[in-house]
Amino acid sequence: MSTTSSLVQKTRPYLALLLTTAGLVVFLGAVGTVSYLLGFTGYLPLVAAFIPLAAATAIGLTMRRSWRVTGFRRIETRRPGAATAMVLVAALPIAVIVSSNGVDAPGVGILAFAGLAILVGFVEESIFRGILLRLFSARAPWVGVVATSVGFAVAHSAAALSPEQSITESLATIVFAFFFGVIACTLVRMTGSIWPAIALHVAFDFSGFVLVPRSAEVTDLVSVAVAAVLAVVLVLVARRHG
């Protein structure tokens, strides 16, 4: 009996990660497909998917009274390396800004995109860097970082189902998502809070929503390269500070 119980405890985080990731892929893929068939293009499918996801996440955290344990708490700026990490991650949205040709959205559109970025950042960070990362807390520190980052990347494979994206763009999205996952997880571990990860997520997505890239291919390449370097640097900083 104890062996069975131990096995359940060991596999529980992986099972939760698998089911959550699979559920998100199916849900986002279904919403994307239905939206395409109905003629909805652009960011409308994203809005249709993330409004109910945000509502469900908020209701779930409230009913379980788990906002704080999920990471919604004060940023521990005095932690070794915390301030350094928060400064370093600014390189990600800055890379998007530098590789763009400026803003292409009206005033109302900017507000709408800001709202969408907040929805996406809140949902994805709460699920992957809040709920799922916490399930791996009893294991070696980097097991949860790698596992949830892989899950985060797989969840973004739903983009491959979009007829508006090429295979190259979809692969770039998936690879970037993995490195972003490592960055966000490390940020949460170093600051003791999920807020910096949400802020980074919102800033990056908002920049991508409102800015016109000089070249989609170049922007994707720059984003992946910067994310990869930043992920390595943050991991080294985190290891240095224990």
# chains A, B, ... in the order shown; residues from 1 in each chain; ligands from 1
call {"tool": "closest_atom_pairs", "arguments": {"of": "range 92-141 of chain A", "to": "range 14-21 of chain A", "cutoff": "12 Å", "atoms": "only C-alpha atoms", "output": "CSV"}}
result
residue,atom,partner,partner_atom,distance
A:Glu124,CA,A:Thr21,CA,10.9
A:Ile127,CA,A:Thr20,CA,8.5
A:Phe128,CA,A:Leu17,CA,8.5
A:Arg129,CA,A:Leu17,CA,11.4
A:Ile131,CA,A:Leu17,CA,9.7
A:Leu132,CA,A:Leu17,CA,6.5
A:Leu133,CA,A:Leu17,CA,9.2
A:Arg134,CA,A:Leu17,CA,11.2
A:Leu135,CA,A:Ala16,CA,8.5
A:Phe136,CA,A:Tyr14,CA,8.5
A:Arg139,CA,A:Tyr14,CA,11.5
call {"tool": "residues_around", "arguments": {"residues": "Ala117 in chain A", "least_positions_apart": "3", "cutoff": "12 Å", "atoms": "only C-alpha atoms", "output": "PyMOL selection string"}}
result
chain A and resi 43+46-47+50-51+54+110-114+120-125+198-210
call {"tool": "select_by_dssp", "arguments": {"residues": "range 96-181 of chain A", "states": "strand (DSSP E)", "output": "list of chain:residue names"}}
result
A:Ser100, A:Asn101, A:Gly102, A:Val103
call {"tool": "atom_distance", "arguments": {"atom1": "CA of Val103 in chain A", "atom2": "CA of Ser215 in chain A"}}
result
14.2 Å
call {"tool": "select_by_dssp", "arguments": {"residues": "range 106-148 of chain A", "states": "alpha helix (DSSP H)", "output": "PyMOL selection string"}}
result
chain A and resi 107-124+133-135+141-148
call {"tool": "atom_distance", "arguments": {"atom1": "CA of Pro13 in chain A", "atom2": "CA of Ala155 in chain A"}}
result
16.3 Å
call {"tool": "residues_around", "arguments": {"residues": "Val98 in chain A", "least_positions_apart": "5", "cutoff": "10 Å", "atoms": "only C-alpha atoms", "output": "list in words"}}
result
Pro93, Pro213, Arg214, Thr219 and Val222 of chain A
call {"tool": "closest_residue", "arguments": {"among": "A:Tyr36, A:Phe72, A:Phe178, A:Phe152", "to": "Gly192 in chain A", "atoms": "only C-alpha atoms"}}
result
A:Phe72
call {"tool": "closest_residue", "arguments": {"among": "A:Val182, A:Val108, A:Ala48, A:Ala158", "to": "Gly144 in chain A", "atoms": "only C-alpha atoms"}}
result
A:Val182
call {"tool": "closest_residue", "arguments": {"among": "A:Thr148, A:Thr62, A:Thr77, A:Gln165", "to": "Gly42 in chain A", "atoms": "only C-alpha atoms"}}
result
A:Gln165
call {"tool": "closest_atom_pairs", "arguments": {"of": "range 153-192 of chain A", "to": "range 79-84 of chain A", "cutoff": "8 Å", "atoms": "only C-alpha atoms", "output": "CSV"}}
result
residue,atom,partner,partner_atom,distance
A:Leu187,CA,A:Ala82,CA,7.6
A:Met190,CA,A:Ala82,CA,5.3
A:Thr191,CA,A:Ala82,CA,5.1
